$ cat coords27.cif   # mmCIF, C-alpha atoms and all ligand atoms
data_entry
loop_
_atom_site.label_atom_id
_atom_site.label_comp_id
_atom_site.auth_asym_id
_atom_site.auth_seq_id
_atom_site.Cartn_x
_atom_site.Cartn_y
_atom_site.Cartn_z
CA ALA A 153 -34.02 90.01 55.23
CA ASP A 154 -30.84 91.73 54.05
CA ARG A 155 -31.72 94.79 56.00
CA ALA A 156 -32.54 92.76 59.12
CA ASP A 157 -29.24 90.89 58.81
CA ALA A 158 -27.32 94.13 58.37
CA ALA A 159 -29.00 95.71 61.41
CA ALA A 160 -28.35 92.60 63.51
CA ALA A 161 -24.70 92.55 62.45
CA ALA A 162 -24.34 96.25 63.27
CA LEU A 163 -25.80 95.64 66.72
CA GLU A 164 -23.42 92.77 67.43
CA ALA A 165 -20.47 94.80 66.15
CA GLY A 166 -21.31 97.68 68.50
CA ARG A 167 -22.15 100.05 65.68
CA ILE A 168 -25.55 100.91 67.14
CA VAL A 169 -24.76 103.49 69.77
CA ALA A 170 -26.50 105.80 72.20
CA TRP A 171 -26.66 109.46 71.26
CA PHE A 172 -27.73 111.89 73.94
CA GLN A 173 -30.21 114.77 73.87
CA PRO A 174 -30.28 117.17 76.83
CA GLN A 175 -33.31 118.01 78.91
CA VAL A 176 -33.18 121.33 80.76
CA CYS A 177 -35.08 122.84 83.66
CA THR A 178 -37.33 125.64 82.38
CA ASP A 179 -36.74 127.71 85.56
CA THR A 180 -32.96 127.56 85.77
CA GLY A 181 -31.93 126.49 82.26
CA ARG A 182 -29.69 123.84 83.82
CA VAL A 183 -29.29 120.33 82.43
CA THR A 184 -31.48 117.91 84.36
CA GLY A 185 -30.64 114.89 82.23
CA PHE A 186 -30.14 113.38 78.81
CA GLU A 187 -32.36 111.03 76.81
CA ALA A 188 -30.43 108.17 75.21
CA LEU A 189 -31.46 107.66 71.57
CA ALA A 190 -30.21 104.79 69.41
CA ARG A 191 -28.24 105.62 66.24
CA TRP A 192 -26.59 103.34 63.69
CA SER A 193 -23.13 104.84 63.17
CA GLN A 194 -21.94 105.00 59.60
CA PRO A 195 -18.31 104.88 58.44
CA ASP A 196 -18.61 108.45 57.09
CA GLY A 197 -19.53 109.77 60.56
CA GLY A 198 -23.23 109.91 59.73
CA ALA A 199 -25.94 108.18 61.74
CA ILE A 200 -29.06 106.29 60.71
CA PRO A 201 -32.14 107.01 62.87
CA PRO A 202 -34.14 104.26 64.66
CA ALA A 203 -37.08 104.37 62.24
CA GLU A 204 -34.78 102.73 59.70
CA PHE A 205 -33.49 99.87 61.87
CA LEU A 206 -35.80 99.34 64.88
CA PRO A 207 -38.41 97.43 62.83
CA ALA A 208 -35.68 95.11 61.51
CA LEU A 209 -34.31 94.50 65.01
CA GLU A 210 -37.83 93.89 66.26
CA ASP A 211 -38.46 91.29 63.53
CA ALA A 212 -35.18 89.64 64.44
CA GLY A 213 -36.20 89.53 68.12
CA LEU A 214 -33.26 91.76 69.04
CA LEU A 215 -34.95 94.65 70.86
CA ALA A 216 -33.93 93.26 74.25
CA ARG A 217 -30.34 93.02 73.07
CA LEU A 218 -30.51 96.64 71.87
CA GLY A 219 -32.02 97.68 75.19
CA GLU A 220 -29.23 95.99 77.11
CA GLN A 221 -26.59 97.81 75.07
CA MET A 222 -28.37 101.17 75.37
CA LEU A 223 -28.62 100.72 79.15
CA ARG A 224 -24.93 99.85 79.48
CA GLN A 225 -23.87 102.78 77.29
CA SER A 226 -26.08 105.11 79.33
CA LEU A 227 -24.64 103.91 82.64
CA THR A 228 -21.13 104.17 81.16
CA ALA A 229 -21.92 107.77 80.16
CA LEU A 230 -23.12 108.64 83.68
CA SER A 231 -19.92 107.19 85.17
CA ALA A 232 -17.82 109.15 82.69
CA TRP A 233 -19.62 112.46 83.37
CA ASP A 234 -19.17 111.85 87.10
CA ARG A 235 -15.44 111.26 86.66
CA SER A 236 -15.19 114.50 84.66
CA GLY A 237 -16.95 116.42 87.41
CA LEU A 238 -19.95 117.19 85.19
CA ASP A 239 -23.27 117.42 86.96
CA VAL A 240 -25.71 115.24 85.01
CA PRO A 241 -28.51 114.15 87.34
CA ARG A 242 -30.00 111.41 85.16
CA VAL A 243 -30.27 109.55 81.86
CA ALA A 244 -33.57 108.42 80.33
CA VAL A 245 -33.62 105.17 78.34
CA ASN A 246 -36.52 104.09 76.10
CA LEU A 247 -38.03 100.68 76.87
CA SER A 248 -39.84 98.80 74.11
CA ALA A 249 -43.03 96.85 74.76
CA ALA A 250 -41.07 93.66 73.99
CA GLU A 251 -38.52 94.37 76.73
CA LEU A 252 -41.30 95.12 79.19
CA ARG A 253 -42.74 91.65 78.64
CA ASP A 254 -39.56 90.02 79.97
CA PRO A 255 -40.31 88.92 83.56
CA ARG A 256 -36.62 89.36 84.47
CA LEU A 257 -36.34 92.95 83.16
CA ALA A 258 -36.45 94.73 86.52
CA ASP A 259 -33.93 92.32 88.05
CA ARG A 260 -31.59 92.73 85.10
CA ILE A 261 -31.73 96.53 85.35
CA ALA A 262 -31.18 96.39 89.12
CA TRP A 263 -28.15 94.18 88.52
CA GLU A 264 -26.65 96.56 85.93
CA LEU A 265 -27.17 99.57 88.21
CA ASP A 266 -25.45 97.72 91.02
CA ARG A 267 -22.59 96.59 88.80
CA PHE A 268 -21.99 100.16 87.60
CA GLY A 269 -22.48 101.59 91.09
CA ILE A 270 -25.13 104.02 89.83
CA ALA A 271 -27.99 105.06 92.15
CA PRO A 272 -31.34 103.90 90.70
CA GLY A 273 -32.70 107.45 90.95
CA ARG A 274 -30.30 108.50 88.20
CA LEU A 275 -31.94 106.17 85.69
CA THR A 276 -35.28 106.99 84.13
CA LEU A 277 -37.15 104.54 81.95
CA GLU A 278 -39.36 105.95 79.20
CA VAL A 279 -42.44 103.87 78.48
CA LEU A 280 -45.14 104.54 75.94
CA GLU A 281 -48.60 105.50 77.04
CA THR A 282 -50.01 102.35 75.43
CA VAL A 283 -47.79 100.26 77.72
CA ILE A 284 -49.71 101.28 80.83
CA ALA A 285 -53.10 100.64 79.25
CA GLY A 286 -52.86 96.98 80.30
CA ALA A 287 -54.02 95.23 83.45
CA PRO A 288 -52.03 95.73 86.67
CA GLU A 289 -51.32 92.00 86.96
CA ASP A 290 -49.64 91.96 83.52
CA VAL A 291 -45.93 91.30 83.38
CA THR A 292 -45.49 94.80 81.91
CA ALA A 293 -47.26 96.45 84.82
CA ARG A 294 -45.26 94.45 87.33
CA ASN A 295 -42.04 95.50 85.59
CA VAL A 296 -42.94 99.19 85.61
CA ASN A 297 -43.90 99.08 89.26
CA ALA A 298 -40.83 97.04 90.24
CA LEU A 299 -38.59 99.59 88.52
CA ALA A 300 -40.36 102.45 90.30
CA GLU A 301 -40.03 100.52 93.57
CA LEU A 302 -36.31 100.18 92.92
CA GLY A 303 -36.14 103.99 92.73
CA CYS A 304 -35.90 104.50 88.97
CA GLY A 305 -37.88 107.32 87.39
CA ILE A 306 -40.71 106.41 85.03
CA ASP A 307 -41.50 108.82 82.19
CA LEU A 308 -44.60 108.38 80.07
CA ASP A 309 -43.37 109.03 76.52
CA ASP A 310 -45.35 110.63 73.69
CA PHE A 311 -48.13 111.56 76.12
CA GLY A 312 -51.39 112.47 74.44
CA THR A 313 -51.03 110.06 71.53
CA GLY A 314 -52.16 106.89 73.35
CA HIS A 315 -54.95 105.97 75.68
CA ALA A 316 -53.69 106.23 79.24
CA SER A 317 -56.65 106.59 81.58
CA PHE A 318 -56.48 108.71 84.72
CA ALA A 319 -56.79 105.45 86.64
CA SER A 320 -53.73 103.95 84.95
CA LEU A 321 -51.72 107.10 85.66
CA ARG A 322 -52.43 106.57 89.34
CA ARG A 323 -52.04 102.80 89.30
CA PHE A 324 -48.66 102.89 87.57
CA ARG A 325 -46.02 104.79 89.41
CA VAL A 326 -45.35 107.31 86.67
CA GLY A 327 -43.16 110.24 87.74
CA ARG A 328 -43.26 112.48 84.68
CA ILE A 329 -45.18 112.80 81.50
CA LYS A 330 -43.54 113.82 78.24
CA ILE A 331 -45.89 116.02 76.28
CA ASP A 332 -45.82 114.74 72.71
CA ARG A 333 -44.19 117.01 70.19
CA SER A 334 -47.35 117.06 68.08
CA PHE A 335 -48.90 119.27 70.83
CA VAL A 336 -45.79 121.36 71.40
CA ALA A 337 -45.44 122.32 67.72
CA LYS A 338 -46.34 126.03 67.26
CA CYS A 339 -48.00 126.11 70.72
CA ASP A 340 -46.90 129.75 71.09
CA ARG A 341 -48.70 130.74 67.88
CA ASP A 342 -51.65 128.39 67.58
CA PRO A 343 -54.40 128.83 70.21
CA ASP A 344 -55.65 125.25 69.75
CA GLN A 345 -52.18 123.89 70.44
CA GLN A 346 -51.83 126.17 73.45
CA ARG A 347 -55.13 124.90 74.85
CA LEU A 348 -54.00 121.28 74.49
CA VAL A 349 -50.68 121.93 76.21
CA THR A 350 -52.42 123.88 78.98
CA ALA A 351 -54.87 121.01 79.53
CA VAL A 352 -52.11 118.40 79.77
CA LEU A 353 -50.09 120.58 82.18
CA SER A 354 -53.14 121.14 84.34
CA MET A 355 -53.89 117.41 84.45
CA ALA A 356 -50.27 116.65 85.37
CA ASP A 357 -50.41 119.26 88.10
CA GLN A 358 -53.61 117.77 89.53
CA LEU A 359 -52.06 114.30 89.55
CA GLY A 360 -48.77 115.52 91.03
CA LEU A 361 -46.74 114.53 87.97
CA ALA A 362 -43.77 116.44 86.63
CA THR A 363 -43.70 117.38 82.94
CA VAL A 364 -41.28 117.41 80.04
CA GLY A 365 -42.16 119.27 76.85
CA GLU A 366 -40.58 117.41 73.92
CA GLY A 367 -39.82 118.42 70.37
CA VAL A 368 -39.31 122.04 71.39
CA GLU A 369 -37.99 123.60 68.20
CA THR A 370 -38.22 127.37 68.78
CA GLY A 371 -37.48 129.92 71.47
CA GLY A 372 -41.15 130.90 71.37
CA GLU A 373 -42.31 127.38 72.23
CA HIS A 374 -39.67 127.15 74.98
CA ALA A 375 -40.79 130.48 76.49
CA LEU A 376 -44.48 129.56 76.42
CA LEU A 377 -43.87 126.16 78.05
CA ALA A 378 -41.85 127.91 80.78
CA GLN A 379 -44.63 130.45 81.30
CA LEU A 380 -47.26 127.68 81.52
CA GLY A 381 -45.25 125.87 84.19
CA CYS A 382 -43.85 122.92 82.23
CA ASP A 383 -40.93 121.65 84.35
CA HIS A 384 -38.43 120.48 81.72
CA VAL A 385 -37.93 120.95 77.98
CA GLN A 386 -36.17 118.90 75.33
CA GLY A 387 -35.81 119.57 71.63
CA PHE A 388 -33.81 121.01 68.77
CA ALA A 389 -34.18 124.54 70.26
CA ILE A 390 -31.98 123.36 73.16
CA ALA A 391 -29.83 120.82 71.31
CA ARG A 392 -30.09 117.98 68.81
CA PRO A 393 -29.18 114.49 69.96
CA MET A 394 -25.36 114.24 69.93
CA PRO A 395 -22.71 111.53 70.22
CA PHE A 396 -21.34 110.99 73.73
CA ASP A 397 -18.02 112.57 72.74
CA ASP A 398 -19.75 115.92 72.12
CA THR A 399 -21.63 116.03 75.42
CA ALA A 400 -18.88 117.34 77.73
CA GLU A 401 -18.22 120.34 75.53
CA TRP A 402 -21.95 121.05 75.20
CA ILE A 403 -22.44 120.89 78.98
CA ALA A 404 -19.44 123.15 79.55
CA ARG A 405 -20.68 125.68 77.01
CA HIS A 406 -24.27 125.50 78.20
CA GLY A 407 -23.32 126.05 81.86
O1 LIG B 1 -34.25 109.36 67.77
P1 LIG B 1 -35.51 109.37 66.98
O2 LIG B 1 -36.43 110.52 67.08
O3 LIG B 1 -35.28 109.12 65.53
O4 LIG B 1 -36.33 108.11 67.54
C1 LIG B 1 -37.41 107.62 66.87
C2 LIG B 1 -38.12 106.63 67.77
O5 LIG B 1 -37.23 105.57 68.16
C3 LIG B 1 -38.63 107.26 69.04
O6 LIG B 1 -39.95 106.81 69.24
C4 LIG B 1 -37.74 106.71 70.12
O7 LIG B 1 -38.44 106.56 71.32
C5 LIG B 1 -37.32 105.37 69.54
N1 LIG B 1 -36.04 104.98 70.11
C6 LIG B 1 -34.88 105.65 70.04
N2 LIG B 1 -33.91 104.99 70.71
C7 LIG B 1 -34.49 103.86 71.20
C8 LIG B 1 -34.01 102.78 71.99
O8 LIG B 1 -32.86 102.71 72.41
N3 LIG B 1 -34.90 101.79 72.29
C9 LIG B 1 -36.19 101.83 71.88
N4 LIG B 1 -36.98 100.82 72.22
N5 LIG B 1 -36.68 102.86 71.15
C10 LIG B 1 -35.83 103.86 70.82
O1 LIG B 2 -40.55 108.89 70.92
P1 LIG B 2 -39.41 109.61 71.55
O2 LIG B 2 -39.85 110.78 72.35
O3 LIG B 2 -38.48 108.73 72.35
O4 LIG B 2 -38.58 110.19 70.34
C1 LIG B 2 -37.62 111.14 70.51
C2 LIG B 2 -37.21 111.49 69.11
O5 LIG B 2 -37.60 112.83 68.79
C3 LIG B 2 -35.73 111.41 68.95
O6 LIG B 2 -35.45 110.47 67.97
C4 LIG B 2 -35.28 112.77 68.49
O7 LIG B 2 -34.37 112.65 67.41
C5 LIG B 2 -36.57 113.44 68.06
N1 LIG B 2 -36.54 114.85 68.41
C6 LIG B 2 -35.93 115.40 69.47
N2 LIG B 2 -36.11 116.73 69.50
C7 LIG B 2 -36.85 117.03 68.41
C8 LIG B 2 -37.36 118.26 67.90
O8 LIG B 2 -37.19 119.36 68.44
N3 LIG B 2 -38.09 118.17 66.76
C9 LIG B 2 -38.33 116.99 66.12
N4 LIG B 2 -39.04 117.04 65.00
N5 LIG B 2 -37.87 115.82 66.58
C10 LIG B 2 -37.14 115.83 67.72
MN MN B 3 -38.45 108.97 74.33
NA NA B 4 -41.46 111.09 72.95
#
$ encode --input "coords27.cif" --output "structure tokens" --more "lines below"
Ligand code: G
Ligand code: G
Ligand code: MN
Ligand code: NA
Amino acid sequence: ADRADAAAAALEAGRIVAWFQPQVCTDTGRVTGFEALARWSQPDGGAIPPAEFLPALEDAGLLARLGEQMLRQSLTALSAWDRSGLDVPRVAVNLSAAELRDPRLADRIAWELDRFGIAPGRLTLEVLETVIAGAPEDVTARNVNALAELGCGIDLDDFGTGHASFASLRRFRVGRIKIDRSFVAKCDRDPDQQRLVTAVLSMADQLGLATVGEGVETGGEHALLAQLGCDHVQGFAIARPMPFDDTAEWIARHG
């Protein structure tokens, strides 16, 4: 309870903030977007990762509140990069299953985009594979499809760890799949891993879906994913998630 109260208080006080991790195009090396990742800022400049506060916020029924703040901080970041003349095509925000059960979610996101004057195509929503396992008439499915209809990108997060069927990949308007980091790990050195990654990329290609390799930790993994035709990569080998204030310098240095 103490922990839940502390997390809730931090959220209300604005101490849970979006950090940003770049995604780059494997062909050009250019930044194609950032994923927004929640961090609990500490007075000493440190940051507590979501594993240590998301469960508490979930128990307190505050995931929607977190989502709202993450969305606003992400749209604020896009506006700020634009004003600085930095070319950041999009930001990806993680949506929890709880948020996706809110029948007003798509309307609320549309309203925020409008209020910030951000084109819907510059916002991607990351949803877990398990989220699209449900029936098409579910509130969740209607939300995902309404957001796609609005023009937002839909990324299927942690792909390969859930149970998305081929049918659900077609039925839901998914734009990209994010290959889970458990498959990416050592894919340049482990033939079993390489086979898994190759299979996922081939499936994505057949279905006309773009791909993001996540958790890319080495130059070898990056190079192999590029060679196999993975469209985008994200991971410590490119950059760790960073506070907004560090992004401009990183973009400038990265080119
Ligand atoms: O950033 P890190 O790797 O520690 O994230 C751990 C998990 O927390 C990941 O599964 C990530 O998707 C999730 N996560 C990070 N930020 C958010 C957020 O803003 N909202 C939700 N719902 N999940 C998040
Ligand atoms: O589940 P989701 O994909 O949203 O989680 C993203 C999480 O993965 C982030 O919390 C981020 O901190 C973490 N992450 C990002 N890049 C790497 C990486 O190269 N290696 C590992 N181990 N974790 C990573
Ligand atoms: Mn994610
Ligand atoms: Na992921």
$ residues_around --input "coords27.cif" --residues "Glu278 (chain A)" --least-positions-apart "6" --cutoff "7 Å" --atoms "all atoms listed in the file" --output "ChimeraX atom specification"
/A:244-247,306-309
$ atom_distance --input "coords27.cif" --atom1 "CA of Leu277 (chain A)" --atom2 "CA of Asp340 (chain A)"
29.1 Å
$ residues_around --input "coords27.cif" --residues "region 262-274 of chain A" --least-positions-apart "2" --cutoff "8 Å" --atoms "only C-alpha atoms" --output "number ranges by chain"
A: 224, 227-228, 230-231, 241-243, 258-260, 276, 302-305
$ atom_distance --input "coords27.cif" --atom1 "CA of Phe186 (chain A)" --atom2 "CA of Phe172 (chain A)"
5.6 Å
$ closest_residue --input "coords27.cif" --among "A:Val279, A:Cys177, A:Ala212, A:Val240" --to "ligand LIG 1 (chain B)" --atoms "all atoms listed in the file"
A:Val279
$ closest_atom_pairs --input "coords27.cif" --of "chain A" --to "ligand LIG 1 (chain B)" --cutoff "9 Å" --atoms "only C-alpha atoms and all ligand atoms" --output "Markdown table"
| residue | atom | partner | partner_atom | distance |
| --- | --- | --- | --- | --- |
| A:Val169 | CA | B:LIG1 | O8 | 8.6 |
| A:Ala170 | CA | B:LIG1 | O8 | 7.1 |
| A:Trp171 | CA | B:LIG1 | O1 | 8.4 |
| A:Glu187 | CA | B:LIG1 | N2 | 8.7 |
| A:Ala188 | CA | B:LIG1 | N2 | 6.5 |
| A:Leu189 | CA | B:LIG1 | N2 | 3.7 |
| A:Ala190 | CA | B:LIG1 | N2 | 3.9 |
| A:Arg191 | CA | B:LIG1 | O1 | 7.2 |
| A:Ile200 | CA | B:LIG1 | O3 | 8.4 |
| A:Pro201 | CA | B:LIG1 | O3 | 4.6 |
| A:Pro202 | CA | B:LIG1 | O5 | 4.8 |
| A:Ala203 | CA | B:LIG1 | C1 | 5.7 |
| A:Glu204 | CA | B:LIG1 | O3 | 8.7 |
| A:Leu206 | CA | B:LIG1 | O5 | 7.2 |
| A:Leu215 | CA | B:LIG1 | N4 | 6.6 |
| A:Ala216 | CA | B:LIG1 | N4 | 8.4 |
| A:Leu218 | CA | B:LIG1 | O8 | 6.5 |
| A:Gly219 | CA | B:LIG1 | N3 | 5.8 |
| A:Glu220 | CA | B:LIG1 | O8 | 9.0 |
| A:Gln221 | CA | B:LIG1 | O8 | 8.4 |
| A:Met222 | CA | B:LIG1 | O8 | 5.6 |
| A:Leu223 | CA | B:LIG1 | O8 | 8.2 |
| A:Val245 | CA | B:LIG1 | O8 | 6.5 |
| A:Asn246 | CA | B:LIG1 | N3 | 4.7 |
| A:Leu247 | CA | B:LIG1 | N4 | 4.8 |
| A:Ser248 | CA | B:LIG1 | N4 | 4.0 |
| A:Ala249 | CA | B:LIG1 | N4 | 7.7 |
| A:Ala250 | CA | B:LIG1 | N4 | 8.4 |
| A:Glu251 | CA | B:LIG1 | N4 | 8.0 |
| A:Glu278 | CA | B:LIG1 | O7 | 8.0 |
| A:Val279 | CA | B:LIG1 | O7 | 8.6 |
| A:Leu280 | CA | B:LIG1 | O7 | 8.4 |
| A:Asp309 | CA | B:LIG1 | O7 | 7.6 |
| A:Asp310 | CA | B:LIG1 | O6 | 8.0 |
| A:Pro393 | CA | B:LIG1 | O1 | 7.5 |
$ closest_residue --input "coords27.cif" --among "A:Ala293, A:Arg328, A:Leu321, A:Leu377" --to "Arg347 (chain A)" --atoms "all atoms listed in the file"
A:Leu377
$ closest_residue --input "coords27.cif" --among "A:Gly360, A:Gly166, A:Pro174, A:Pro343" --to "Ala391 (chain A)" --atoms "all atoms listed in the file"
A:Pro174
$ residues_near_ligand --input "coords27.cif" --ligand "ligand NA 4 (chain B)" --cutoff "8 Å" --atoms "all atoms listed in the file" --output "PyMOL selection string"
chain A and resi 309-311+330-333+366-367
$ closest_residue --input "coords27.cif" --among "A:Ser193, A:Ser320, A:Thr399, A:Ser334" --to "Asn297 (chain A)" --atoms "only C-alpha atoms"
A:Ser320
$ closest_residue --input "coords27.cif" --among "A:Gln173, A:Ile284, A:Ala378, A:Gly312" --to "ligand MN 3 (chain B)" --atoms "only C-alpha atoms and all ligand atoms"
A:Gln173
$ atom_distance --input "coords27.cif" --atom1 "CA of Val176 (chain A)" --atom2 "CA of Gln386 (chain A)"
6.7 Å
$ axis_aligned_box --input "coords27.cif" --around "region 305-321 of chain A" --padding-each-side "3 Å" --output "lines of an AutoDock Vina configuration file"
center_x = -47.3
center_y = 108.2
center_z = 79.5
size_x = 24.9
size_y = 14.5
size_z = 21.9
$ closest_residue --input "coords27.cif" --among "A:Val364, A:Leu299, A:Ile403, A:Ala287" --to "ligand MN 3 (chain B)" --atoms "only C-alpha atoms and all ligand atoms"
A:Val364
$ residues_near_point --input "coords27.cif" --point "(-16.4, 113.6, 72.3)" --cutoff "12 Å" --atoms "all atoms listed in the file" --output "list in words"
Trp171, Phe172, Ala229, Ala232, Trp233, Met394, Pro395, Phe396, Asp397, Asp398, Thr399, Ala400, Glu401, Trp402 and Ile403 of chain A
$ residues_around --input "coords27.cif" --residues "Leu252 (chain A)" --least-positions-apart "4" --cutoff "8 Å" --atoms "all atoms listed in the file" --output "compact mmCIF listing (two decimals) with C-alpha atoms, keeping the file's coordinate frame"
# COMPACT_ATOMS: atom_id res chain seq x y z
CA LEU A 247 -38.03 100.68 76.87
CA SER A 248 -39.84 98.80 74.11
CA LEU A 257 -36.34 92.95 83.16
CA VAL A 291 -45.93 91.30 83.38
CA THR A 292 -45.49 94.80 81.91
CA ASN A 295 -42.04 95.50 85.59
CA VAL A 296 -42.94 99.19 85.61
$ residues_around --input "coords27.cif" --residues "Asp211 (chain A)" --least-positions-apart "2" --cutoff "12 Å" --atoms "all atoms listed in the file" --output "ChimeraX atom specification"
/A:153,155-157,159-160,205-209,213-216,250
$ residues_around --input "coords27.cif" --residues "Ala351 (chain A)" --least-positions-apart "2" --cutoff "12 Å" --atoms "only C-alpha atoms" --output "JSON list (two decimals) with C-alpha atoms, keeping the file's coordinate frame"
[["chain", "number", "residue", "atom", "x", "y", "z"],
["A", 312, "GLY", "CA", -51.39, 112.47, 74.44],
["A", 331, "ILE", "CA", -45.89, 116.02, 76.28],
["A", 335, "PHE", "CA", -48.90, 119.27, 70.83],
["A", 344, "ASP", "CA", -55.65, 125.25, 69.75],
["A", 345, "GLN", "CA", -52.18, 123.89, 70.44],
["A", 346, "GLN", "CA", -51.83, 126.17, 73.45],
["A", 347, "ARG", "CA", -55.13, 124.90, 74.85],
["A", 348, "LEU", "CA", -54.00, 121.28, 74.49],
["A", 349, "VAL", "CA", -50.68, 121.93, 76.21],
["A", 353, "LEU", "CA", -50.09, 120.58, 82.18],
["A", 354, "SER", "CA", -53.14, 121.14, 84.34],
["A", 355, "MET", "CA", -53.89, 117.41, 84.45],
["A", 356, "ALA", "CA", -50.27, 116.65, 85.37],
["A", 357, "ASP", "CA", -50.41, 119.26, 88.10],
["A", 358, "GLN", "CA", -53.61, 117.77, 89.53],
["A", 380, "LEU", "CA", -47.26, 127.68, 81.52],
["A", 381, "GLY", "CA", -45.25, 125.87, 84.19],
["A", 382, "CYS", "CA", -43.85, 122.92, 82.23]]
$ build_atoms --input "coords27.cif" --residues "region 310-331 of chain A" --atoms "N, CA and C atoms" --output "PDB file, in the coordinates of the input"
ATOM      1  N   ASP A 310     -44.363 110.302  74.726  1.00  0.00           N
ATOM      2  CA  ASP A 310     -45.350 110.630  73.690  1.00  0.00           C
ATOM      3  C   ASP A 310     -46.743 110.828  74.270  1.00  0.00           C
ATOM      4  N   PHE A 311     -46.833 111.453  75.442  1.00  0.00           N
ATOM      5  CA  PHE A 311     -48.130 111.560  76.120  1.00  0.00           C
ATOM      6  C   PHE A 311     -49.126 112.355  75.271  1.00  0.00           C
ATOM      7  N   GLY A 312     -50.330 111.810  75.205  1.00  0.00           N
ATOM      8  CA  GLY A 312     -51.390 112.470  74.440  1.00  0.00           C
ATOM      9  C   GLY A 312     -51.698 111.725  73.152  1.00  0.00           C
ATOM     10  N   THR A 313     -50.816 110.790  72.782  1.00  0.00           N
ATOM     11  CA  THR A 313     -51.030 110.060  71.530  1.00  0.00           C
ATOM     12  C   THR A 313     -51.637 108.675  71.775  1.00  0.00           C
ATOM     13  N   GLY A 314     -51.665 108.231  73.031  1.00  0.00           N
ATOM     14  CA  GLY A 314     -52.160 106.890  73.350  1.00  0.00           C
ATOM     15  C   GLY A 314     -53.467 106.942  74.082  1.00  0.00           C
ATOM     16  N   HIS A 315     -53.682 105.957  74.946  1.00  0.00           N
ATOM     17  CA  HIS A 315     -54.950 105.970  75.680  1.00  0.00           C
ATOM     18  C   HIS A 315     -54.745 105.703  77.158  1.00  0.00           C
ATOM     19  N   ALA A 316     -53.849 106.410  77.802  1.00  0.00           N
ATOM     20  CA  ALA A 316     -53.690 106.230  79.240  1.00  0.00           C
ATOM     21  C   ALA A 316     -54.916 106.816  79.937  1.00  0.00           C
ATOM     22  N   SER A 317     -55.531 106.050  80.815  1.00  0.00           N
ATOM     23  CA  SER A 317     -56.650 106.590  81.580  1.00  0.00           C
ATOM     24  C   SER A 317     -56.091 107.262  82.831  1.00  0.00           C
ATOM     25  N   PHE A 318     -56.902 108.093  83.463  1.00  0.00           N
ATOM     26  CA  PHE A 318     -56.480 108.710  84.720  1.00  0.00           C
ATOM     27  C   PHE A 318     -56.159 107.616  85.726  1.00  0.00           C
ATOM     28  N   ALA A 319     -56.991 106.547  85.695  1.00  0.00           N
ATOM     29  CA  ALA A 319     -56.790 105.450  86.640  1.00  0.00           C
ATOM     30  C   ALA A 319     -55.411 104.817  86.447  1.00  0.00           C
ATOM     31  N   SER A 320     -55.022 104.606  85.167  1.00  0.00           N
ATOM     32  CA  SER A 320     -53.730 103.950  84.950  1.00  0.00           C
ATOM     33  C   SER A 320     -52.581 104.862  85.358  1.00  0.00           C
ATOM     34  N   LEU A 321     -52.768 106.178  85.226  1.00  0.00           N
ATOM     35  CA  LEU A 321     -51.720 107.100  85.660  1.00  0.00           C
ATOM     36  C   LEU A 321     -51.493 106.999  87.160  1.00  0.00           C
ATOM     37  N   ARG A 322     -52.558 106.723  87.898  1.00  0.00           N
ATOM     38  CA  ARG A 322     -52.430 106.570  89.340  1.00  0.00           C
ATOM     39  C   ARG A 322     -51.879 105.193  89.689  1.00  0.00           C
ATOM     40  N   ARG A 323     -52.366 104.186  88.969  1.00  0.00           N
ATOM     41  CA  ARG A 323     -52.040 102.800  89.300  1.00  0.00           C
ATOM     42  C   ARG A 323     -50.576 102.492  89.007  1.00  0.00           C
ATOM     43  N   PHE A 324     -50.071 103.073  87.910  1.00  0.00           N
ATOM     44  CA  PHE A 324     -48.660 102.890  87.570  1.00  0.00           C
ATOM     45  C   PHE A 324     -47.902 104.034  88.202  1.00  0.00           C
ATOM     46  N   ARG A 325     -46.709 103.745  88.676  1.00  0.00           N
ATOM     47  CA  ARG A 325     -46.020 104.790  89.410  1.00  0.00           C
ATOM     48  C   ARG A 325     -45.214 105.660  88.458  1.00  0.00           C
ATOM     49  N   VAL A 326     -45.954 106.388  87.630  1.00  0.00           N
ATOM     50  CA  VAL A 326     -45.350 107.310  86.670  1.00  0.00           C
ATOM     51  C   VAL A 326     -44.879 108.547  87.429  1.00  0.00           C
ATOM     52  N   GLY A 327     -43.677 109.040  87.093  1.00  0.00           N
ATOM     53  CA  GLY A 327     -43.160 110.240  87.740  1.00  0.00           C
ATOM     54  C   GLY A 327     -43.353 111.488  86.884  1.00  0.00           C
ATOM     55  N   ARG A 328     -43.158 111.317  85.569  1.00  0.00           N
ATOM     56  CA  ARG A 328     -43.260 112.480  84.680  1.00  0.00           C
ATOM     57  C   ARG A 328     -44.004 112.083  83.411  1.00  0.00           C
ATOM     58  N   ILE A 329     -44.642 113.048  82.822  1.00  0.00           N
ATOM     59  CA  ILE A 329     -45.180 112.800  81.500  1.00  0.00           C
ATOM     60  C   ILE A 329     -44.445 113.682  80.491  1.00  0.00           C
ATOM     61  N   LYS A 330     -44.195 113.090  79.326  1.00  0.00           N
ATOM     62  CA  LYS A 330     -43.540 113.820  78.240  1.00  0.00           C
ATOM     63  C   LYS A 330     -44.611 114.213  77.249  1.00  0.00           C
ATOM     64  N   ILE A 331     -44.833 115.515  77.153  1.00  0.00           N
ATOM     65  CA  ILE A 331     -45.890 116.020  76.280  1.00  0.00           C
ATOM     66  C   ILE A 331     -45.435 115.839  74.828  1.00  0.00           C
TER      67      ILE A 331
END
